[in-house]
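**Q** final_20.txt is reproduced below (compact mmCIF, C-alpha atoms and all ligand atoms).
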```
# COMPACT_ATOMS: atom_id res chain seq x y z
CA MET A 1 32.81 72.74 167.32
CA THR A 2 34.00 71.89 163.83
CA GLN A 3 31.99 72.27 160.68
CA SER A 4 32.45 71.70 157.02
CA ALA A 5 33.91 74.64 155.12
CA SER A 6 31.10 74.20 152.63
CA LEU A 7 28.39 75.08 155.12
CA PRO A 8 27.84 78.69 156.19
CA LEU A 9 29.15 79.73 159.59
CA SER A 10 26.82 80.54 162.45
CA ARG A 11 26.30 84.29 162.90
CA VAL A 12 25.18 83.94 166.54
CA PRO A 13 27.31 86.40 168.52
CA ASP A 14 29.30 85.62 171.67
CA PRO A 15 26.74 85.48 174.50
CA ARG A 16 29.23 87.09 176.89
CA ASP A 17 29.19 90.33 174.86
CA ALA A 18 25.48 91.05 175.45
CA PRO A 19 24.51 94.06 177.59
CA VAL A 20 23.69 92.95 181.14
CA LEU A 21 20.11 92.85 182.41
CA ARG A 22 18.88 92.19 185.95
CA TRP A 23 16.77 89.02 185.71
CA ALA A 24 14.13 87.56 188.00
CA VAL A 25 12.88 84.00 187.61
CA LEU A 26 9.20 83.23 188.18
CA GLY A 27 8.34 79.65 189.15
CA PRO A 28 11.42 77.79 190.46
CA GLY A 29 10.75 74.44 188.78
CA TRP A 30 12.63 72.10 186.43
CA ILE A 31 13.35 74.51 183.59
CA ALA A 32 14.08 77.47 185.90
CA HIS A 33 17.06 75.62 187.39
CA ARG A 34 18.48 74.96 183.95
CA PHE A 35 17.88 78.52 182.77
CA VAL A 36 19.79 80.06 185.67
CA GLU A 37 22.58 77.52 185.33
CA SER A 38 22.81 78.28 181.62
CA LEU A 39 23.00 82.05 182.26
CA HIS A 40 25.62 81.61 184.95
CA ARG A 41 27.71 79.26 182.83
CA HIS A 42 27.62 81.06 179.48
CA THR A 43 26.82 84.77 180.02
CA THR A 44 27.50 87.82 182.17
CA GLN A 45 23.75 88.35 182.79
CA SER A 46 22.78 89.08 186.38
CA VAL A 47 20.08 86.88 187.94
CA VAL A 48 19.08 88.92 190.98
CA ALA A 49 15.82 87.41 192.22
CA VAL A 50 13.44 84.48 192.18
CA GLY A 51 9.72 84.41 192.88
CA SER A 52 7.76 81.43 194.11
CA ARG A 53 4.27 80.91 195.51
CA SER A 54 6.14 79.56 198.53
CA PRO A 55 8.75 81.57 200.48
CA GLU A 56 10.57 78.32 201.33
CA ARG A 57 10.86 77.25 197.70
CA ALA A 58 12.04 80.74 196.73
CA ARG A 59 14.72 80.68 199.47
CA ALA A 60 15.92 77.21 198.52
CA PHE A 61 16.26 78.22 194.85
CA ALA A 62 18.02 81.49 195.71
CA ASP A 63 20.46 79.68 198.00
CA GLU A 64 21.20 76.99 195.43
CA HIS A 65 21.98 79.54 192.70
CA GLY A 66 23.44 82.33 194.82
CA LEU A 67 20.69 84.88 194.06
CA ASP A 68 20.30 88.06 196.12
CA ARG A 69 16.55 88.09 196.67
CA ALA A 70 13.99 85.33 197.32
CA HIS A 71 10.42 86.57 196.91
CA GLY A 72 7.64 84.51 198.48
CA SER A 73 5.04 85.70 195.97
CA TYR A 74 4.96 86.59 192.29
CA GLU A 75 3.57 90.03 193.17
CA ALA A 76 6.74 90.78 195.10
CA VAL A 77 8.79 90.08 191.97
CA PHE A 78 6.69 92.48 189.92
CA ALA A 79 7.11 95.15 192.65
CA ASP A 80 10.91 94.71 192.77
CA ASP A 81 12.35 97.93 191.30
CA ASP A 82 15.73 96.30 190.80
CA VAL A 83 14.43 93.77 188.27
CA ASP A 84 14.54 94.60 184.53
CA ILE A 85 13.12 91.42 183.04
CA VAL A 86 11.11 88.47 184.29
CA TYR A 87 11.74 84.97 182.93
CA ILE A 88 8.39 83.20 183.26
CA ALA A 89 8.96 79.50 183.96
CA THR A 90 5.55 78.54 185.29
CA PRO A 91 3.31 75.92 183.58
CA HIS A 92 1.80 76.96 180.22
CA THR A 93 -1.61 77.63 181.76
CA GLU A 94 -0.09 80.42 183.91
CA HIS A 95 1.96 82.16 181.22
CA LEU A 96 -0.73 84.59 180.09
CA ALA A 97 -1.69 85.86 183.55
CA ASN A 98 1.93 85.99 184.74
CA ALA A 99 3.10 87.82 181.63
CA LEU A 100 0.26 90.35 181.76
CA ASP A 101 0.98 91.05 185.44
CA ALA A 102 4.70 91.50 184.79
CA ILE A 103 4.06 93.76 181.80
CA ALA A 104 1.55 95.84 183.81
CA ALA A 105 4.33 96.38 186.36
CA GLY A 106 6.59 97.68 183.59
CA LYS A 107 8.83 94.61 183.33
CA HIS A 108 10.20 93.12 180.15
CA VAL A 109 9.22 89.44 179.83
CA LEU A 110 10.79 86.30 178.41
CA VAL A 111 8.15 83.57 178.57
CA GLU A 112 8.87 79.85 178.36
CA LYS A 113 7.39 78.02 175.40
CA PRO A 114 4.56 77.93 174.55
CA LEU A 115 3.94 81.68 174.91
CA ALA A 116 0.35 80.89 175.95
CA VAL A 117 -2.04 77.97 175.63
CA ASP A 118 -3.56 79.39 172.43
CA ALA A 119 -2.95 82.01 169.77
CA ALA A 120 -5.46 84.43 171.28
CA GLY A 121 -3.57 84.42 174.59
CA ALA A 122 -0.25 84.89 172.82
CA ALA A 123 -1.66 87.84 170.88
CA ARG A 124 -2.84 89.42 174.15
CA ILE A 125 0.69 89.24 175.53
CA ALA A 126 2.06 90.81 172.33
CA GLU A 127 -0.51 93.63 172.44
CA ALA A 128 0.05 94.33 176.14
CA ALA A 129 3.83 94.49 175.70
CA GLU A 130 3.55 96.79 172.72
CA SER A 131 1.17 99.15 174.56
CA ALA A 132 3.40 99.19 177.63
CA GLY A 133 6.57 99.68 175.56
CA VAL A 134 8.30 96.64 177.02
CA PHE A 135 10.03 93.67 175.39
CA ALA A 136 8.18 90.36 175.15
CA GLY A 137 9.57 87.14 173.76
CA GLU A 138 8.99 83.42 173.74
CA ALA A 139 11.95 81.40 175.02
CA MET A 140 11.72 78.95 172.11
CA TRP A 141 15.40 78.23 172.70
CA THR A 142 15.82 76.04 169.61
CA ARG A 143 15.40 79.04 167.33
CA PHE A 144 18.40 80.79 168.92
CA LEU A 145 20.86 77.89 168.65
CA PRO A 146 23.86 78.41 166.35
CA LYS A 147 22.92 75.31 164.36
CA PHE A 148 19.53 76.79 163.54
CA ASP A 149 21.19 79.94 162.26
CA VAL A 150 23.21 77.73 159.90
CA ILE A 151 20.07 75.77 158.92
CA GLU A 152 18.26 79.03 158.21
CA GLN A 153 21.08 80.10 155.90
CA VAL A 154 21.05 76.72 154.12
CA LEU A 155 17.28 76.92 153.59
CA ARG A 156 17.43 80.52 152.36
CA SER A 157 20.30 79.72 149.98
CA GLY A 158 17.97 77.56 147.90
CA VAL A 159 20.52 74.74 147.68
CA LEU A 160 17.81 72.19 148.54
CA GLY A 161 15.67 73.34 145.59
CA PRO A 162 11.91 73.65 146.10
CA ILE A 163 11.03 72.18 149.49
CA HIS A 164 8.15 69.73 149.42
CA THR A 165 8.37 67.72 152.63
CA VAL A 166 9.03 68.36 156.32
CA LEU A 167 9.08 65.44 158.77
CA ALA A 168 9.42 66.26 162.46
CA ASP A 169 8.94 64.22 165.57
CA HIS A 170 9.21 64.86 169.29
CA GLY A 171 8.30 62.01 171.60
CA GLU A 172 9.42 61.54 175.18
CA PHE A 173 8.20 59.00 177.69
CA PHE A 174 6.85 60.55 180.91
CA THR A 175 5.65 58.81 184.04
CA THR A 176 2.11 59.64 185.11
CA ASP A 177 3.22 61.73 188.12
CA HIS A 178 4.70 64.43 185.84
CA ARG A 179 2.75 67.69 185.34
CA ILE A 180 2.40 66.72 181.66
CA TYR A 181 -0.29 64.27 182.82
CA ASP A 182 -2.22 67.00 184.68
CA PRO A 183 -5.31 68.13 182.70
CA ALA A 184 -5.53 71.28 184.86
CA LEU A 185 -2.10 72.29 183.51
CA ALA A 186 -3.02 71.66 179.85
CA GLY A 187 -1.40 68.24 179.95
CA GLY A 188 -0.58 66.06 176.96
CA PRO A 189 2.16 66.34 174.35
CA LEU A 190 0.71 69.12 172.19
CA LEU A 191 1.81 72.25 174.06
CA ASP A 192 4.96 70.84 175.62
CA LEU A 193 6.61 68.83 172.85
CA GLY A 194 4.30 69.54 169.92
CA THR A 195 5.29 73.21 170.09
CA TYR A 196 8.73 72.25 168.79
CA VAL A 197 7.51 70.34 165.75
CA ALA A 198 4.82 72.91 164.91
CA SER A 199 7.33 75.75 165.25
CA PHE A 200 9.80 73.91 163.06
CA ALA A 201 7.22 73.21 160.34
CA TYR A 202 6.13 76.85 160.41
CA SER A 203 9.71 78.09 160.16
CA VAL A 204 10.27 76.05 156.99
CA LEU A 205 6.91 76.06 155.20
CA GLY A 206 5.01 78.96 156.77
CA ALA A 207 1.34 78.78 157.72
CA PRO A 208 -0.41 75.69 156.31
CA GLU A 209 -3.57 75.79 154.26
CA THR A 210 -5.01 72.63 155.78
CA VAL A 211 -4.39 70.90 159.09
CA ASP A 212 -5.45 67.35 159.86
CA ALA A 213 -4.65 65.40 163.01
CA ARG A 214 -5.42 62.25 164.94
CA SER A 215 -4.78 61.50 168.60
CA GLN A 216 -4.38 58.49 170.83
CA PRO A 217 -5.45 59.10 174.43
CA ALA A 218 -3.09 58.61 177.36
CA ASN A 219 -6.09 58.19 179.62
CA ASP A 220 -9.64 59.58 179.94
CA GLU A 221 -8.36 63.13 180.37
CA ILE A 222 -5.37 63.87 178.16
CA ASP A 223 -3.85 62.96 174.80
CA GLY A 224 -0.92 60.57 174.74
CA GLN A 225 0.10 60.84 171.11
CA ILE A 226 -0.81 63.21 168.27
CA SER A 227 0.04 62.88 164.59
CA ALA A 228 -0.67 65.79 162.27
CA LEU A 229 -0.55 66.48 158.55
CA LEU A 230 -0.10 70.10 157.48
CA THR A 231 -0.47 70.90 153.80
CA GLY A 232 0.30 74.05 151.87
CA GLU A 233 0.88 75.19 148.33
CA SER A 234 4.50 74.09 148.27
CA GLY A 235 4.56 71.06 150.51
CA HIS A 236 3.50 68.86 153.35
CA ALA A 237 4.64 68.64 156.97
CA VAL A 238 4.12 65.34 158.76
CA LEU A 239 4.42 65.78 162.51
CA ASN A 240 4.28 63.43 165.47
CA THR A 241 4.42 64.07 169.19
CA THR A 242 3.92 61.69 172.08
CA ILE A 243 4.44 61.28 175.80
CA LEU A 244 3.93 57.50 175.58
CA THR A 245 7.30 56.52 174.08
CA ASN A 246 10.77 57.80 173.34
CA THR A 247 10.88 58.47 169.59
CA PRO A 248 13.85 59.39 167.33
CA THR A 249 13.10 63.16 167.72
CA THR A 250 14.59 63.87 164.32
CA ALA A 251 13.58 66.54 161.81
CA VAL A 252 14.05 66.33 158.05
CA VAL A 253 13.56 68.92 155.31
CA CYS A 254 13.33 67.44 151.81
CA GLY A 255 13.78 69.50 148.68
CA ARG A 256 14.03 68.52 145.03
CA ASP A 257 17.82 68.88 145.12
CA GLY A 258 18.73 67.83 148.63
CA THR A 259 17.73 66.63 152.07
CA LEU A 260 18.61 68.26 155.38
CA THR A 261 18.50 65.80 158.27
CA ILE A 262 18.76 67.00 161.87
CA ALA A 263 19.78 64.23 164.22
CA GLY A 264 17.62 63.70 167.29
CA PRO A 265 16.98 65.49 169.51
CA PHE A 266 16.63 68.01 166.67
CA PHE A 267 15.60 70.86 169.01
CA MET A 268 18.82 70.75 171.04
CA PRO A 269 22.45 71.49 170.12
CA GLY A 270 23.81 68.72 167.90
CA PRO A 271 24.73 67.70 164.36
CA PHE A 272 22.90 67.78 161.03
CA THR A 273 23.69 66.83 157.44
CA VAL A 274 22.80 68.19 154.03
CA ALA A 275 22.78 65.43 151.40
CA LEU A 276 22.70 66.90 147.90
CA ARG A 277 21.47 65.05 144.85
CA GLY A 278 24.60 63.88 143.07
CA GLY A 279 26.23 62.45 146.15
CA ILE A 280 27.76 65.36 148.08
CA THR A 281 27.02 65.35 151.82
CA LEU A 282 27.86 68.34 154.03
CA ALA A 283 28.05 67.76 157.76
CA TYR A 284 27.55 70.17 160.65
CA ASP A 285 29.47 68.40 163.40
CA GLU A 286 28.38 69.76 166.74
CA ALA A 287 28.49 67.89 170.02
CA SER A 288 25.05 67.07 171.37
CA GLY A 289 23.97 69.44 174.14
CA LEU A 290 21.18 69.93 176.63
CA GLN A 291 19.06 72.89 177.80
CA VAL A 292 21.90 74.17 179.94
CA ASP A 293 23.94 74.53 176.75
CA GLY A 294 21.40 76.70 174.96
CA LEU A 295 18.70 78.37 177.08
CA HIS A 296 20.94 81.40 177.63
CA LEU A 297 20.82 82.27 173.93
CA ALA A 298 17.18 83.36 174.14
CA ALA A 299 18.10 85.50 177.15
CA VAL A 300 21.01 87.31 175.52
CA GLU A 301 18.91 87.92 172.41
CA ALA A 302 16.40 89.69 174.69
CA ALA A 303 19.20 91.67 176.35
CA ARG A 304 20.56 92.81 172.98
CA ARG A 305 17.17 93.90 171.67
CA ILE A 306 16.23 95.73 174.87
CA SER A 307 19.55 97.58 174.90
CA VAL A 308 18.73 99.15 171.52
CA GLY A 309 15.09 99.86 172.38
CA GLU A 310 13.55 97.00 170.38
CA LEU A 311 10.48 95.29 171.82
CA GLU A 312 10.86 91.83 170.31
CA SER A 313 13.35 89.42 168.79
CA ALA A 314 14.02 89.43 165.06
CA VAL A 315 15.25 85.82 165.28
CA HIS A 316 11.99 84.57 166.80
CA PRO A 317 9.39 87.35 166.53
CA LEU A 318 6.15 87.22 168.47
CA ALA A 319 4.32 86.73 165.17
CA ASP A 320 6.09 83.36 164.79
CA ALA A 321 5.07 82.27 168.30
CA ILE A 322 1.48 83.31 167.57
CA ALA A 323 1.49 81.54 164.18
CA THR A 324 2.81 78.36 165.81
CA LEU A 325 -0.02 78.51 168.33
CA GLU A 326 -2.49 79.01 165.47
CA ILE A 327 -1.26 75.68 164.06
CA ILE A 328 -1.60 74.13 167.51
CA ASP A 329 -5.13 75.53 167.84
CA ARG A 330 -6.04 73.97 164.50
CA ILE A 331 -4.55 70.61 165.53
CA ARG A 332 -6.52 70.80 168.78
CA ASP A 333 -9.71 71.53 166.82
CA ARG A 334 -9.16 68.41 164.74
CA ILE A 335 -8.67 66.07 167.69
CA SER A 336 -11.18 67.40 170.19
N1 LIG B 401 12.77 74.99 176.99
C1 LIG B 401 12.71 73.75 177.42
O1 LIG B 401 13.50 72.88 177.07
C2 LIG B 401 11.64 73.39 178.42
C3 LIG B 401 11.73 72.19 179.14
C4 LIG B 401 10.78 71.94 180.13
C5 LIG B 401 9.74 72.82 180.33
N2 LIG B 401 9.66 73.95 179.57
C6 LIG B 401 8.54 74.89 179.77
O2 LIG B 401 8.71 75.52 181.03
C7 LIG B 401 7.46 75.65 181.69
C8 LIG B 401 7.59 75.03 183.08
O3 LIG B 401 7.88 73.66 182.95
P1 LIG B 401 8.65 72.84 184.12
O4 LIG B 401 8.86 71.49 183.57
O5 LIG B 401 9.80 73.62 184.61
O6 LIG B 401 7.49 72.79 185.23
P2 LIG B 401 7.66 72.57 186.80
O7 LIG B 401 8.90 71.83 187.11
O8 LIG B 401 6.36 72.01 187.27
O9 LIG B 401 7.83 74.05 187.37
C9 LIG B 401 6.84 75.02 187.22
C10 LIG B 401 6.86 75.95 188.42
O10 LIG B 401 5.80 76.90 188.24
C11 LIG B 401 5.26 77.24 189.51
N3 LIG B 401 3.78 77.21 189.37
C12 LIG B 401 2.98 78.29 189.27
N4 LIG B 401 1.71 77.94 189.15
C13 LIG B 401 1.67 76.60 189.19
C14 LIG B 401 0.62 75.65 189.13
N5 LIG B 401 -0.66 76.02 188.99
N6 LIG B 401 0.93 74.35 189.22
C15 LIG B 401 2.21 73.96 189.33
N7 LIG B 401 3.25 74.81 189.41
C16 LIG B 401 2.98 76.12 189.34
C17 LIG B 401 5.80 76.27 190.53
O11 LIG B 401 6.68 77.01 191.37
P3 LIG B 401 6.18 77.74 192.70
O12 LIG B 401 4.88 77.10 193.10
O13 LIG B 401 7.30 77.47 193.65
O14 LIG B 401 6.02 79.18 192.37
C18 LIG B 401 6.60 75.26 189.73
O15 LIG B 401 7.80 74.89 190.35
C19 LIG B 401 6.42 74.99 180.80
O16 LIG B 401 5.67 75.96 180.11
C20 LIG B 401 7.21 74.16 179.82
O17 LIG B 401 6.65 74.10 178.52
C21 LIG B 401 10.59 74.26 178.65
```
How does this structure look as structure tokens?
Ligand SMILES: NC(=O)c1ccc[n+]([C@@H]2O[C@H](COP(=O)([O-])OP(=O)(O)OC[C@H]3O[C@@H](n4cnc5c(N)ncnc54)[C@H](OP(=O)(O)O)[C@@H]3O)[C@@H](O)[C@H]2O)c1

**A**
Amino acid sequence: MTQSASLPLSRVPDPRDAPVLRWAVLGPGWIAHRFVESLHRHTTQSVVAVGSRSPERARAFADEHGLDRAHGSYEAVFADDDVDIVYIATPHTEHLANALDAIAAGKHVLVEKPLAVDAAGAARIAEAAESAGVFAGEAMWTRFLPKFDVIEQVLRSGVLGPIHTVLADHGEFFTTDHRIYDPALAGGPLLDLGTYVASFAYSVLGAPETVDARSQPANDEIDGQISALLTGESGHAVLNTTILTNTPTTAVVCGRDGTLTIAGPFFMPGPFTVALRGGITLAYDEASGLQVDGLHLAAVEAARRISVGELESAVHPLADAIATLEIIDRIRDRIS
């Protein structure tokens, strides 16, 4: 990776230096494969077990990734004394129950985004983890990427001047056989893709004063596209998320003195520019990457925090995950 000398350097430490935890994966689906591959490729973390509702699916996943133990139920994962932390990769609707069960068994948890289907559920996970004295975190992997550490430094430096506008979009076309079309699994774009744009807007502008939104249905049961306007004292965020089309998936932060433009897909590794008024443009030149190039960063953040007795991430605290879900709750209120 090369980057302009005029931009700050990423402070994200080498993922291979993190203390090693014994991980179990819950729900061997699409993201679980990428998570384990990412850990194996980029870290020294030890993935020791997988849990599935089906012994056959657990065995197949364990064989594919070379894991020691294949548990044919989630309960067996929670009862496994040689597991430190459970990565919860089930659909959003299951996160709350799975996380509470893991926490009750004394396990640390790293939960896929969104932490729960609403802010109240996310707060329950946070409270349960705090009472049990275990780590809980949301695997909002974007927040842990080196480029977002650089973006955070740019925003905090004030070089953009007062920030008035955030534009963020995440649209991906899905066929109707995907779980995102299943109303029983909280289908629609809001919790899957909308989490990224809401989280991004929150990270730049904080909690909005007003939230407005409109939706276009995908069918009689779920939303296909949602556009939202968040307003606050300092500025506006204009957000779009859809499962009906592939959109540019860019994010832009506009200040009086400059504009930061994150190329799509903004939530993955990749480049961004800072165009300052007066004509100077700074470029962060990073090759585009996929989940396998970044999921591990949320895991090693958890490992580092746990090793020093901390119960949540400072990079992406539980309060941020809850605040993002509060925005999502307010969007849902406006469209339902
Ligand atoms: N970070 C990212 O880039 C990213 C990308 C995609 C998804 N995600 C998140 O990861 C989570 C899982 O998404 P996915 O795409 O991996 O889903 P998926 O492929 O459907 O896998 C989910 C797994 O959960 C288990 N499961 C437990 N209860 C279930 C239920 N009621 N219905 C269906 N499956 C159930 C299933 O495994 P067993 O039945 O074998 O236990 C299934 O394989 C979601 O919350 C999503 O938001 C994150």

**Q** Padding of 5 Å on every side, edges along x, y and z, all listed atoms of ligand LIG 401 (chain B) included: what centre and edge lengths in Å, to one decimal, does that box have, as lines of an AutoDock Vina configuration file?

**A**
```
center_x = 6.4
center_y = 75.3
center_z = 185.3
size_x = 24.2
size_y = 17.7
size_z = 26.7
```

**Q** Can you build me a table of region 109-177 of chain A residues sitting at most 8 Å from region 300-319 of chain A, with the closest atom pair per residue and its distance in Å to one decimal, using only C-alpha atoms, sorted by chain and residue number, as CSV?

**A**
```
residue,atom,partner,partner_atom,distance
A:Leu110,CA,A:Ala302,CA,7.5
A:Ala126,CA,A:Leu318,CA,6.7
A:Ala129,CA,A:Leu311,CA,7.7
A:Glu130,CA,A:Leu311,CA,7.1
A:Gly133,CA,A:Leu311,CA,7.0
A:Val134,CA,A:Leu311,CA,5.8
A:Phe135,CA,A:Leu311,CA,3.9
A:Ala136,CA,A:Glu312,CA,5.7
A:Gly137,CA,A:Glu312,CA,6.0
A:Glu138,CA,A:Leu318,CA,7.1
A:Met140,CA,A:His316,CA,7.7
A:Arg143,CA,A:His316,CA,6.5
A:Phe144,CA,A:Val315,CA,7.0
```

**Q** Please write the residues from the selection above to a file, keeping C-alpha atoms, as a PDB file, in the coordinates of the input.

**A**
```
ATOM      1  CA  LEU A 110      10.790  86.300 178.410  1.00  0.00           C
ATOM      2  CA  ALA A 126       2.060  90.810 172.330  1.00  0.00           C
ATOM      3  CA  ALA A 129       3.830  94.490 175.700  1.00  0.00           C
ATOM      4  CA  GLU A 130       3.550  96.790 172.720  1.00  0.00           C
ATOM      5  CA  GLY A 133       6.570  99.680 175.560  1.00  0.00           C
ATOM      6  CA  VAL A 134       8.300  96.640 177.020  1.00  0.00           C
ATOM      7  CA  PHE A 135      10.030  93.670 175.390  1.00  0.00           C
ATOM      8  CA  ALA A 136       8.180  90.360 175.150  1.00  0.00           C
ATOM      9  CA  GLY A 137       9.570  87.140 173.760  1.00  0.00           C
ATOM     10  CA  GLU A 138       8.990  83.420 173.740  1.00  0.00           C
ATOM     11  CA  MET A 140      11.720  78.950 172.110  1.00  0.00           C
ATOM     12  CA  ARG A 143      15.400  79.040 167.330  1.00  0.00           C
ATOM     13  CA  PHE A 144      18.400  80.790 168.920  1.00  0.00           C
TER      14      PHE A 144
END
```

**Q** With only C-alpha atoms as the atoms that count, which of A:Arg124, A:Arg53, A:Arg22, A:Arg69 lies nearest to Leu39 (chain A)?

**A**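 Nearest to Leu39 (chain A): A:Arg22.
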
**Q** Select the residues contacting ligand LIG 401 (chain B) at a distance of at most 8 Å, based on all atoms listed in the file, then format the selection as a short mmCIF file (atom, residue, chain, number, x, y, z; two decimals) with C-alpha atoms, in the coordinates of the input.

**A**
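So the final result, stored in selection.cif, reads:
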```cif
data_model
loop_
_atom_site.label_atom_id
_atom_site.label_comp_id
_atom_site.auth_asym_id
_atom_site.auth_seq_id
_atom_site.Cartn_x
_atom_site.Cartn_y
_atom_site.Cartn_z
CA LEU A 26 9.20 83.23 188.18
CA GLY A 27 8.34 79.65 189.15
CA PRO A 28 11.42 77.79 190.46
CA GLY A 29 10.75 74.44 188.78
CA TRP A 30 12.63 72.10 186.43
CA ILE A 31 13.35 74.51 183.59
CA ALA A 32 14.08 77.47 185.90
CA GLY A 51 9.72 84.41 192.88
CA SER A 52 7.76 81.43 194.11
CA ARG A 53 4.27 80.91 195.51
CA SER A 54 6.14 79.56 198.53
CA ARG A 57 10.86 77.25 197.70
CA ALA A 58 12.04 80.74 196.73
CA SER A 73 5.04 85.70 195.97
CA TYR A 74 4.96 86.59 192.29
CA ILE A 88 8.39 83.20 183.26
CA ALA A 89 8.96 79.50 183.96
CA THR A 90 5.55 78.54 185.29
CA PRO A 91 3.31 75.92 183.58
CA HIS A 92 1.80 76.96 180.22
CA THR A 93 -1.61 77.63 181.76
CA GLU A 94 -0.09 80.42 183.91
CA HIS A 95 1.96 82.16 181.22
CA GLU A 112 8.87 79.85 178.36
CA LYS A 113 7.39 78.02 175.40
CA PRO A 114 4.56 77.93 174.55
CA LEU A 115 3.94 81.68 174.91
CA ALA A 139 11.95 81.40 175.02
CA MET A 140 11.72 78.95 172.11
CA TRP A 141 15.40 78.23 172.70
CA HIS A 178 4.70 64.43 185.84
CA ARG A 179 2.75 67.69 185.34
CA ALA A 184 -5.53 71.28 184.86
CA LEU A 185 -2.10 72.29 183.51
CA LEU A 191 1.81 72.25 174.06
CA ASP A 192 4.96 70.84 175.62
CA LEU A 193 6.61 68.83 172.85
CA GLN A 291 19.06 72.89 177.80
CA LEU A 295 18.70 78.37 177.08
#
```

**Q** What's the separation between CA of Thr261 (chain A) and CA of Ile243 (chain A), in Å to one decimal place?

**A**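 Those two atoms sit 22.9 Å apart.
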
**Q** Tell me, as a PyMOL selection string, which residues lie within 12 Å of Gln45 (chain A), counting all atoms listed in the file; anything in the same chain fewer than 2 positions away does not count.

**A** chain A and resi 15-24+35-43+47-48+84-85+296-304

**Q** As a PyMOL selection string, please: the residues near Asp118 (chain A) (cut-off 9 Å, all atoms listed in the file, same-chain neighbours under 5 positions excluded).

**A** chain A and resi 123+322+325-326+328-329

**Q** For Thr142 (chain A), work out the shell of residues within 8 Å, counting only C-alpha atoms and skipping chain neighbours fewer than 2 positions away, then give it as a ChimeraX atom specification.

**A** /A:140,144-145,148,267-268,294

**Q** Please compute the CA of Val50 (chain A)-CA of His71 (chain A) distance, one decimal, in Å.

**A**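 Result for CA of Val50 (chain A) versus CA of His71 (chain A): 6.0 Å, one decimal.
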
**Q** For CA of Ile331 (chain A) and CA of Pro217 (chain A), quote the distance in Å rounded to one decimal.

**A**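 Computing the Euclidean distance for CA of Ile331 (chain A) and CA of Pro217 (chain A) yields 14.6 Å.
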
**Q** Using all atoms listed in the file, find the one residue out of A:Gly258, A:Asp169, A:Thr195, A:Gly161 that sits nearest to Ala116 (chain A).

**A** A:Thr195
